[in-house]
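A.B. asks: You'll find data.csv just under this line, and it carries CSV, C-alpha atoms.
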chain,number,residue,atom,x,y,z
Q,1,MET,CA,182.9,82.0,129.9
Q,2,PHE,CA,185.5,84.4,128.6
Q,3,LEU,CA,187.9,81.7,127.5
Q,4,ASP,CA,185.0,80.0,125.8
Q,5,ARG,CA,184.4,83.2,123.9
Q,6,LEU,CA,188.1,83.5,123.0
Q,7,PHE,CA,188.2,80.1,121.4
Q,8,LYS,CA,185.0,80.7,119.4
Q,9,THR,CA,186.5,84.0,118.1
Q,10,GLN,CA,189.8,82.2,117.3
Q,11,ARG,CA,188.1,80.2,114.6
Q,12,CYS,CA,186.8,83.3,112.9
Q,13,PHE,CA,190.1,84.4,111.5
Q,14,HIS,CA,191.4,81.0,110.6
Q,15,HIS,CA,188.7,80.7,108.0
Q,16,PRO,CA,190.0,83.2,105.5
Q,17,ASP,CA,193.5,81.7,105.7
Q,18,SER,CA,192.4,78.2,104.9
Q,19,ASP,CA,189.9,79.0,102.3
Q,20,HIS,CA,191.4,81.8,100.2
Q,21,HIS,CA,194.6,83.2,98.8
Q,22,HIS,CA,195.9,85.9,100.9
Q,23,PRO,CA,198.7,88.3,100.4
Q,24,HIS,CA,200.7,87.2,103.4
Q,25,SER,CA,201.0,83.7,101.9
Q,26,HIS,CA,202.9,85.2,98.9
Q,27,ALA,CA,206.6,84.9,99.0
Q,28,HIS,CA,207.3,88.5,98.0
Q,29,ASP,CA,205.1,89.9,100.7
Q,30,GLY,CA,206.6,91.6,103.7
Q,31,PHE,CA,210.2,90.5,103.1
Q,32,SER,CA,211.4,93.5,101.2
Q,33,GLY,CA,211.4,95.9,104.1
Q,34,VAL,CA,214.4,97.8,105.4
Q,35,THR,CA,216.1,96.0,108.2
Q,36,THR,CA,218.0,97.7,111.0
Q,37,GLN,CA,220.2,96.3,113.7
Q,38,LYS,CA,219.9,96.7,117.4
Q,39,SER,CA,222.0,94.9,119.9
Q,40,GLY,CA,221.0,91.2,119.5
Q,41,THR,CA,217.9,91.9,117.5
Q,42,ARG,CA,217.0,92.7,113.9
Q,43,GLU,CA,214.1,95.0,113.1
Q,44,ILE,CA,212.1,94.2,110.0
Q,45,LYS,CA,209.8,96.8,108.6
Q,46,VAL,CA,206.4,95.3,107.8
Q,47,VAL,CA,203.9,98.2,107.5
Q,48,ARG,CA,200.8,96.3,106.9
Q,49,ARG,CA,197.2,96.9,107.9
Q,50,VAL,CA,196.2,94.2,110.3
Q,51,LEU,CA,192.7,94.0,108.7
Q,52,ASP,CA,194.0,94.0,105.1
Q,53,VAL,CA,192.9,90.4,104.5
Q,54,ASN,CA,189.3,91.6,105.3
Q,55,GLU,CA,189.7,94.7,103.2
Q,56,LYS,CA,190.9,92.8,100.1
Q,57,MET,CA,188.0,90.4,100.5
Q,58,ALA,CA,185.6,93.3,100.9
Q,59,ALA,CA,187.0,94.9,97.7
Q,60,GLU,CA,186.5,91.6,95.9
Q,61,ASN,CA,182.8,91.4,97.1
Q,62,ARG,CA,182.3,95.0,96.0
Q,63,ARG,CA,183.6,94.2,92.6
Q,64,MET,CA,181.3,91.1,92.3
Q,65,PHE,CA,178.2,93.1,93.5
Q,66,ALA,CA,179.0,95.9,91.0
Q,67,GLU,CA,179.3,93.4,88.2
Q,68,LYS,CA,175.9,92.0,89.0
Q,69,GLY,CA,174.4,95.5,89.5
Q,70,ILE,CA,173.4,94.8,93.1
Q,71,PHE,CA,173.0,97.6,95.6
Q,72,VAL,CA,174.2,96.3,99.0
Q,73,ILE,CA,173.3,97.9,102.4
Q,74,ASN,CA,174.9,96.9,105.7
Q,75,VAL,CA,172.3,97.5,108.5
Q,76,MET,CA,173.7,97.9,111.9
Q,77,SER,CA,172.5,98.8,115.4
Q,78,SER,CA,172.5,97.7,119.0
Q,79,PRO,CA,170.4,94.6,119.9
Q,80,GLY,CA,166.7,95.3,120.2
Q,81,SER,CA,166.6,98.5,118.2
Q,82,GLY,CA,164.2,97.0,115.7
Q,83,LYS,CA,166.4,96.1,112.7
Q,84,THR,CA,164.4,93.0,111.9
Q,85,THR,CA,161.0,94.6,112.2
Q,86,THR,CA,162.3,97.5,110.1
Q,87,LEU,CA,163.5,95.2,107.4
Q,88,GLU,CA,160.3,93.1,107.5
Q,89,LYS,CA,158.2,96.2,106.8
Q,90,THR,CA,160.7,97.5,104.3
Q,91,LEU,CA,160.6,94.2,102.3
Q,92,ALA,CA,156.8,94.1,102.4
Q,93,ARG,CA,156.7,97.6,100.8
Q,94,ILE,CA,159.4,97.2,98.2
Q,95,MET,CA,158.9,93.6,97.0
Q,96,PRO,CA,158.3,92.6,94.3
Q,97,GLU,CA,159.1,96.0,92.7
Q,98,ILE,CA,162.7,95.7,93.8
Q,99,LYS,CA,164.1,92.2,93.7
Q,100,SER,CA,165.6,91.8,97.2
Q,101,ALA,CA,167.6,89.3,99.2
Q,102,VAL,CA,168.8,89.3,102.8
Q,103,ILE,CA,171.8,88.0,104.6
Q,104,VAL,CA,171.2,88.1,108.3
Q,105,GLY,CA,173.8,87.6,111.0
Q,106,ASP,CA,173.2,86.4,114.5
Q,107,ILE,CA,175.2,84.6,117.1
Q,108,CYS,CA,172.5,81.8,117.3
Q,109,THR,CA,169.1,80.9,116.1
Q,110,THR,CA,167.3,81.3,112.7
Q,111,ASN,CA,164.5,83.4,114.2
Q,112,ASP,CA,165.3,86.6,112.2
Q,113,ALA,CA,165.7,84.6,109.0
Q,114,ASP,CA,162.4,82.9,109.6
Q,115,ARG,CA,160.7,86.2,110.1
Q,116,LEU,CA,162.3,87.9,107.0
Q,117,ALA,CA,161.6,84.9,104.8
Q,118,LEU,CA,157.9,85.5,105.1
Q,119,SER,CA,158.4,88.4,102.7
Q,120,GLY,CA,159.2,86.0,100.0
Q,121,ALA,CA,162.8,87.3,99.7
Q,122,PRO,CA,165.6,84.7,99.7
Q,123,VAL,CA,167.2,84.8,103.1
Q,124,VAL,CA,170.6,83.4,104.2
Q,125,GLN,CA,171.1,83.2,107.9
Q,126,ILE,CA,174.6,83.3,109.3
Q,127,ASN,CA,175.2,82.1,112.8
Q,128,THR,CA,178.5,83.6,113.7
Q,129,ASP,CA,179.0,81.0,116.3
Q,130,GLU,CA,179.6,78.5,113.5
Q,131,PHE,CA,181.7,80.9,111.5
Q,132,GLY,CA,183.7,81.7,114.6
Q,133,GLY,CA,183.4,85.5,114.9
Q,134,ASP,CA,180.7,86.3,117.4
Q,135,CYS,CA,180.5,90.0,117.3
Q,136,HIS,CA,180.4,91.1,113.6
Q,137,LEU,CA,180.1,89.9,110.0
Q,138,ALA,CA,183.4,89.9,108.1
Q,139,ALA,CA,183.8,90.1,104.3
Q,140,HIS,CA,184.7,86.4,103.8
Q,141,VAL,CA,181.4,85.4,105.6
Q,142,ILE,CA,179.4,87.6,103.2
Q,143,GLU,CA,181.2,86.1,100.2
Q,144,LYS,CA,180.2,82.6,101.4
Q,145,ALA,CA,176.7,83.6,102.1
Q,146,ALA,CA,176.3,85.4,98.8
Q,147,GLY,CA,177.3,82.1,97.2
Q,148,ASN,CA,173.9,80.7,98.3
Q,149,LEU,CA,172.0,83.4,96.5
Q,150,ALA,CA,171.0,83.6,92.9
Q,151,LEU,CA,172.8,86.9,92.4
Q,152,ASP,CA,171.6,87.4,88.8
Q,153,ASP,CA,168.1,87.8,90.1
Q,154,ILE,CA,168.8,90.3,92.8
Q,155,GLU,CA,168.8,94.1,92.7
Q,156,LEU,CA,169.1,94.8,96.4
Q,157,LEU,CA,171.0,92.8,99.0
Q,158,ILE,CA,170.3,93.8,102.6
Q,159,VAL,CA,172.8,92.6,105.2
Q,160,GLU,CA,171.4,92.6,108.7
Q,161,ASN,CA,174.6,92.7,110.8
Q,162,VAL,CA,175.0,91.3,114.3
Q,163,GLY,CA,173.4,93.6,116.9
Q,164,ASN,CA,176.4,95.5,118.2
Q,165,LEU,CA,177.4,99.2,117.9
Q,166,VAL,CA,181.2,98.6,118.2
Q,167,CYS,CA,182.7,95.8,116.0
Q,168,PRO,CA,180.7,95.8,112.8
Q,169,ALA,CA,181.7,99.4,112.2
Q,170,GLU,CA,185.3,98.2,111.8
Q,171,PHE,CA,184.7,95.6,109.2
Q,172,ASP,CA,184.1,96.5,105.6
Q,173,ILE,CA,182.0,93.8,103.9
Q,174,GLY,CA,181.9,95.2,100.4
Q,175,GLU,CA,178.7,97.2,100.9
Q,176,ASP,CA,177.6,100.4,99.1
Q,177,ALA,CA,176.1,102.1,102.1
Q,178,ARG,CA,175.9,101.6,105.8
Q,179,VAL,CA,172.7,102.3,107.7
Q,180,VAL,CA,172.5,102.6,111.5
Q,181,VAL,CA,169.2,102.0,113.3
Q,182,LEU,CA,168.8,103.8,116.7
Q,183,SER,CA,165.6,103.5,118.7
Q,184,VAL,CA,164.1,106.0,121.1
Q,185,THR,CA,164.2,103.4,123.9
Q,186,GLU,CA,168.0,103.7,124.0
Q,187,GLY,CA,170.0,106.6,125.5
Q,188,GLU,CA,170.1,109.8,123.5
Q,189,ASP,CA,173.9,109.9,123.8
Q,190,LYS,CA,174.5,106.6,122.0
Q,191,PRO,CA,176.0,108.3,119.0
Q,192,VAL,CA,178.7,110.0,121.1
Q,193,LYS,CA,179.4,106.8,123.0
Q,194,TYR,CA,179.9,104.9,119.7
Q,195,PRO,CA,181.2,107.6,117.4
Q,196,LEU,CA,182.8,105.3,114.9
Q,197,MET,CA,179.5,103.6,114.1
Q,198,PHE,CA,177.8,106.9,113.5
Q,199,ARG,CA,180.6,108.3,111.4
Q,200,GLU,CA,180.8,105.3,109.2
Q,201,CYS,CA,177.1,105.1,108.4
Q,202,GLU,CA,175.5,107.2,105.6
Q,203,ILE,CA,172.1,107.6,107.2
Q,204,ALA,CA,170.4,106.9,110.5
Q,205,LEU,CA,166.9,105.5,111.1
Q,206,LEU,CA,165.5,106.8,114.4
Q,207,ASN,CA,163.0,104.0,115.2
Q,208,LYS,CA,160.1,103.4,117.6
Q,209,ILE,CA,158.9,107.0,117.5
Q,210,ASP,CA,155.4,105.7,118.2
Q,211,LEU,CA,156.7,105.3,121.8
Q,212,LEU,CA,157.7,108.9,122.3
Q,213,PRO,CA,154.6,110.0,124.2
Q,214,TYR,CA,155.4,107.4,126.8
Q,215,LEU,CA,159.1,108.1,127.3
Q,216,ASP,CA,161.2,110.9,128.7
Q,217,TYR,CA,163.3,110.6,125.5
Q,218,ASP,CA,164.8,114.0,124.4
Q,219,LYS,CA,164.6,113.5,120.6
Q,220,GLN,CA,166.3,116.9,119.8
Q,221,LYS,CA,169.2,115.9,122.1
Q,222,ALA,CA,169.6,112.5,120.2
Q,223,ILE,CA,169.6,114.3,116.9
Q,224,ALA,CA,172.2,116.8,118.2
Q,225,CYS,CA,174.3,113.9,119.4
Q,226,ILE,CA,174.1,112.3,115.9
Q,227,HIS,CA,175.1,115.5,114.2
Q,228,GLN,CA,177.9,116.1,116.7
Q,229,VAL,CA,179.7,113.0,115.4
Q,230,HIS,CA,178.4,113.1,111.9
Q,231,PRO,CA,177.3,116.6,110.8
Q,232,ASP,CA,174.5,116.7,108.2
Q,233,MET,CA,173.8,113.0,108.6
Q,234,PRO,CA,170.3,112.3,107.2
Q,235,ILE,CA,168.0,111.0,109.9
Q,236,PHE,CA,164.7,109.3,109.1
Q,237,GLU,CA,162.3,109.3,112.0
Q,238,MET,CA,160.1,106.3,111.8
Q,239,SER,CA,158.2,103.6,113.5
Q,240,ALA,CA,158.6,100.2,111.9
Q,241,LYS,CA,155.7,98.9,114.0
Q,242,THR,CA,153.1,101.4,112.9
Q,243,GLY,CA,154.7,102.2,109.5
Q,244,GLU,CA,154.8,106.0,110.4
Q,245,GLY,CA,157.6,107.8,108.6
Q,246,LEU,CA,158.7,104.8,106.5
Q,247,GLU,CA,158.2,106.6,103.2
Q,248,PRO,CA,161.3,108.8,103.1
Q,249,TRP,CA,163.5,105.8,104.0
Q,250,LEU,CA,161.9,103.7,101.3
Q,251,GLU,CA,162.4,106.5,98.8
Q,252,TRP,CA,166.0,106.8,99.7
Q,253,LEU,CA,166.5,103.1,99.3
Q,254,LYS,CA,164.7,102.8,96.0
Q,255,GLN,CA,166.6,105.7,94.6
Q,256,LYS,CA,169.9,104.1,95.6
Q,257,VAL,CA,168.9,100.8,94.0
Q,258,ARG,CA,167.9,102.6,90.8
Q,259,GLN,CA,171.3,104.4,90.6
Q,260,LYS,CA,173.2,101.1,90.9
Q,261,THR,CA,171.2,98.8,88.7
S,1,MET,CA,185.3,92.4,121.3
S,2,HIS,CA,187.1,90.8,118.4
S,3,GLU,CA,190.6,91.3,119.9
S,4,MET,CA,191.4,87.6,119.7
S,5,GLY,CA,190.8,87.6,115.9
S,6,ILE,CA,193.0,90.7,115.6
S,7,ALA,CA,195.7,89.0,117.7
S,8,LEU,CA,195.7,86.0,115.3
S,9,GLN,CA,195.9,88.2,112.3
S,10,ILE,CA,198.9,90.0,113.8
S,11,ILE,CA,200.6,86.6,114.4
S,12,ASP,CA,199.9,85.5,110.8
S,13,ILE,CA,201.3,88.7,109.4
S,14,ALA,CA,204.3,88.7,111.7
S,15,THR,CA,205.1,85.1,111.0
S,16,ALA,CA,204.8,85.7,107.2
S,17,SER,CA,207.2,88.7,107.5
S,18,ILE,CA,210.1,86.6,108.8
S,19,PRO,CA,212.7,86.8,106.0
S,20,PRO,CA,213.1,83.4,104.3
S,21,ASP,CA,216.8,83.4,104.9
S,22,ALA,CA,216.4,84.0,108.6
S,23,GLY,CA,216.0,80.4,109.5
S,24,ASN,CA,214.3,79.3,112.6
S,25,VAL,CA,214.1,82.6,114.5
S,26,ARG,CA,212.0,83.8,117.3
S,27,ILE,CA,210.1,87.1,117.0
S,28,GLU,CA,210.8,89.1,120.2
S,29,LYS,CA,208.6,92.1,119.6
S,30,VAL,CA,205.8,93.4,117.3
S,31,ASN,CA,205.5,97.1,116.9
S,32,LEU,CA,201.8,98.1,116.3
S,33,LYS,CA,200.0,101.3,115.8
S,34,ILE,CA,196.4,101.7,116.9
S,35,GLY,CA,194.3,104.8,116.3
S,36,LYS,CA,192.0,105.9,119.0
S,37,LEU,CA,189.1,105.6,116.7
S,38,ALA,CA,189.8,101.9,115.9
S,39,ALA,CA,187.4,99.5,117.7
S,40,VAL,CA,190.2,97.8,119.5
S,41,VAL,CA,191.0,97.9,123.2
S,42,PRO,CA,194.8,97.7,123.7
S,43,ASP,CA,194.7,95.9,127.0
S,44,SER,CA,192.4,93.2,125.7
S,45,LEU,CA,194.6,92.9,122.6
S,46,ARG,CA,197.7,92.4,124.8
S,47,PHE,CA,195.9,89.7,126.8
S,48,CYS,CA,194.7,87.9,123.7
S,49,PHE,CA,198.1,88.2,122.1
S,50,GLU,CA,199.8,86.6,125.1
S,51,VAL,CA,197.5,83.7,125.0
S,52,ALA,CA,197.6,83.2,121.2
S,53,VAL,CA,201.4,83.3,120.7
S,54,LYS,CA,201.9,80.0,122.5
S,55,ASP,CA,203.6,77.4,120.2
S,56,THR,CA,204.2,80.0,117.4
S,57,PRO,CA,207.5,81.8,116.4
S,58,LEU,CA,206.1,84.7,118.6
S,59,ASP,CA,206.0,82.7,121.8
S,60,GLY,CA,206.9,85.2,124.6
S,61,ALA,CA,207.0,88.2,122.2
S,62,THR,CA,206.1,91.7,123.4
S,63,LEU,CA,203.3,93.6,121.7
S,64,ALA,CA,204.5,97.2,121.7
S,65,ILE,CA,201.4,99.4,121.0
S,66,GLU,CA,201.7,103.0,120.0
S,67,GLU,CA,198.3,104.7,120.3
S,68,LEU,CA,197.6,107.4,117.7
S,69,PRO,CA,195.4,110.4,118.3
S,70,VAL,CA,192.4,111.3,116.1
S,71,VAL,CA,193.6,114.0,113.9
S,72,ALA,CA,191.2,115.7,111.5
S,73,ARG,CA,191.5,118.2,108.6
S,74,CYS,CA,188.8,120.6,107.6
S,75,LYS,CA,188.0,120.2,103.9
S,76,ASP,CA,186.6,123.8,103.8
S,77,CYS,CA,189.2,125.9,105.7
S,78,ASP,CA,192.2,123.4,105.8
S,79,ALA,CA,192.5,123.7,109.6
S,80,GLN,CA,194.0,120.6,111.2
S,81,TRP,CA,193.6,119.6,114.9
S,82,THR,CA,193.5,116.7,117.3
S,83,ILE,CA,190.0,115.5,118.3
S,84,SER,CA,189.9,114.7,122.0
S,85,SER,CA,186.1,114.2,122.4
S,86,PRO,CA,183.6,112.8,119.9
S,87,ALA,CA,182.8,116.2,118.3
S,88,PHE,CA,183.4,116.1,114.6
S,89,THR,CA,183.0,119.8,113.5
S,90,CYS,CA,185.8,122.1,112.6
S,91,GLU,CA,187.1,124.1,115.5
S,92,ASN,CA,187.9,127.0,113.2
S,93,CYS,CA,184.9,127.4,110.8
S,94,SER,CA,182.3,124.9,112.2
S,95,SER,CA,182.2,123.0,109.0
S,96,GLY,CA,181.3,119.3,109.2
S,97,ALA,CA,183.3,118.3,106.1
S,98,LEU,CA,186.2,116.6,107.8
S,99,GLU,CA,188.9,114.3,106.6
S,100,ILE,CA,190.2,111.9,109.3
S,101,ILE,CA,193.9,112.0,108.8
S,102,SER,CA,194.8,109.6,111.6
S,103,GLY,CA,193.0,107.7,114.3
S,104,ARG,CA,191.7,104.7,112.3
S,105,GLU,CA,195.0,102.8,112.2
S,106,LEU,CA,195.5,99.2,113.0
S,107,ASP,CA,198.9,98.7,111.5
S,108,ILE,CA,201.9,96.5,112.1
S,109,GLU,CA,204.9,98.7,111.7
S,110,SER,CA,207.7,96.2,112.2
S,111,ILE,CA,208.8,93.0,113.9
S,112,GLU,CA,212.0,92.5,115.8
S,113,ILE,CA,213.6,89.1,115.6
S,114,ALA,CA,216.4,87.6,117.8
S,115,GLU,CA,219.7,87.9,116.1
S,116,GLU,CA,221.4,84.5,115.8
S,117,ASP,CA,223.5,84.5,112.7
S,118,ASP,CA,227.0,86.1,113.0
S,119,HIS,CA,227.0,87.2,109.3
S,120,VAL,CA,224.5,89.9,110.0
S,121,SER,CA,226.2,92.5,112.2
Show me this structure written as structure tokens.
C.D. replies:
Amino acid sequence: MFLDRLFKTQRCFHHPDSDHHHPHSHAHDGFSGVTTQKSGTREIKVVRRVLDVNEKMAAENRRMFAEKGIFVINVMSSPGSGKTTTLEKTLARIMPEIKSAVIVGDICTTNDADRLALSGAPVVQINTDEFGGDCHLAAHVIEKAAGNLALDDIELLIVENVGNLVCPAEFDIGEDARVVVLSVTEGEDKPVKYPLMFRECEIALLNKIDLLPYLDYDKQKAIACIHQVHPDMPIFEMSAKTGEGLEPWLEWLKQKVRQKT
Amino acid sequence: MHEMGIALQIIDIATASIPPDAGNVRIEKVNLKIGKLAAVVPDSLRFCFEVAVKDTPLDGATLAIEELPVVARCKDCDAQWTISSPAFTCENCSSGALEIISGRELDIESIEIAEEDDHVS
């Protein structure tokens, strides 16, 4: 099982090399470093960020989205926090006022894309199994997926990342803002367990608040945990299912789109 | 979770960093810096690296990992300290406006290649 996963993951990073021009294929790159001698070995300075291929591609995506005036959000969470339901309800409320499109990442199935397509927004489903990376969306995958969208007709691009609180936080995809969804059926201490995710995101949506009467969830503790890793992070308490508390999040989103387009 | 992908990127960058005049050399060691805040597990990365270097110029190479602490600077009072638990408020003035100075690194510092030619001494 583990080896199987390894081989799937292996393909992920071969894609950018075969499809795009990357700095390490350039003759001048990496060769100019200072060399020092040790007994029998020669040390060559490299000083390169391992993920700089992804970062350059993300910068390219960001430039393309800016040129088209598209506001891009990267929505991340653990599996089952209600990302897809949140986006279904969001699209139902902002379409057609805001011309939106969705890129949705999952390991397998087109279930989420099928649900989101009912909104009328164009949806591109990425199955990371086919693209190779199974735990996150990388910038080159977004570039390919965006190629399937009529970018001139879009004001808002929503990227629903793979359900995972670890890896997606590490990969810039060229987005304008990152949004994390946390639901009240999860542990209150998730933010301190996954600090990078909560530091990297601009706002948090605290979802499923309609369930609070039935749970032992300590909401104040959860909010304190969020603010421990990201002081002053705006938190929108909401229930995607009932629609309660959606308004402030929709206003935030609309304002961001207006600023960009 | 994506350590195999990271290992393959390291191999790509290291291989591309062999000087063109070095000929058919073998890379013996890759010196890597990983910040504590990077979403990479050093042990998993070492394991993936060992598997992935087969049949590359890095076959048998060591991955030397230096882990870097999370160091923050307060934008309000300029205090600087090492963060050891996930609490991102200033120890001095309680401000939340921090700049992370180190801890996000995932950098290849250098490679070490086996010396074969006599003209480099």
A.B. asks: Tell me which protein, DNA and RNA residues are within 8 Å of Thr15 of chain S, counting only C-alpha atoms, leaving out same-chain ones fewer than 4 positions away, and put them as a list of chain:residue names.
C.D. replies: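 The contact residues come out as S:Ile11, S:Pro57, S:Leu58.
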A.B. asks: Tell me which of S:Ser95, S:Ser44, S:Ser85, S:Ser110 sits closest to chain Q, counting all atoms listed in the file.
C.D. replies: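 Smallest separation from chain Q among the options: S:Ser110.
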A.B. asks: Quick one: everything within 6 Å of segment 63-74 of chain S, counting only C-alpha atoms, minus sequence neighbours fewer than 4 positions away in the same chain. Send it as a ChimeraX atom specification.
C.D. replies: /S:29-36,78-83,98-103
A.B. asks: Determine the nearest neighbour of Leu8 of chain S from the options Q:Gly40, Q:Val53, Q:Gly120, Q:Leu246, counting all atoms listed in the file.
C.D. replies: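 Nearest candidate to Leu8 of chain S out of Q:Gly40, Q:Val53, Q:Gly120, Q:Leu246: Q:Val53.
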A.B. asks: For Val41 of chain S, work out the shell of residues within 12 Å, counting all atoms listed in the file and skipping chain neighbours fewer than 5 positions away, then give it as a PDB file with C-alpha atoms, in the coordinates of the input.
C.D. replies:
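selection_22.pdb, written as the output of this step:
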ATOM      1  CA  VAL Q 166     181.200  98.600 118.200  1.00  0.00           C
ATOM      2  CA  CYS Q 167     182.700  95.800 116.000  1.00  0.00           C
TER       3      CYS Q 167
ATOM      4  CA  MET S   1     185.300  92.400 121.300  1.00  0.00           C
ATOM      5  CA  HIS S   2     187.100  90.800 118.400  1.00  0.00           C
ATOM      6  CA  GLU S   3     190.600  91.300 119.900  1.00  0.00           C
ATOM      7  CA  MET S   4     191.400  87.600 119.700  1.00  0.00           C
ATOM      8  CA  ILE S   6     193.000  90.700 115.600  1.00  0.00           C
ATOM      9  CA  ALA S   7     195.700  89.000 117.700  1.00  0.00           C
ATOM     10  CA  ILE S  34     196.400 101.700 116.900  1.00  0.00           C
ATOM     11  CA  GLY S  35     194.300 104.800 116.300  1.00  0.00           C
ATOM     12  CA  LYS S  36     192.000 105.900 119.000  1.00  0.00           C
ATOM     13  CA  ARG S  46     197.700  92.400 124.800  1.00  0.00           C
ATOM     14  CA  PHE S  47     195.900  89.700 126.800  1.00  0.00           C
ATOM     15  CA  CYS S  48     194.700  87.900 123.700  1.00  0.00           C
ATOM     16  CA  ILE S  65     201.400  99.400 121.000  1.00  0.00           C
ATOM     17  CA  GLU S  67     198.300 104.700 120.300  1.00  0.00           C
ATOM     18  CA  LEU S 106     195.500  99.200 113.000  1.00  0.00           C
TER      19      LEU S 106
END
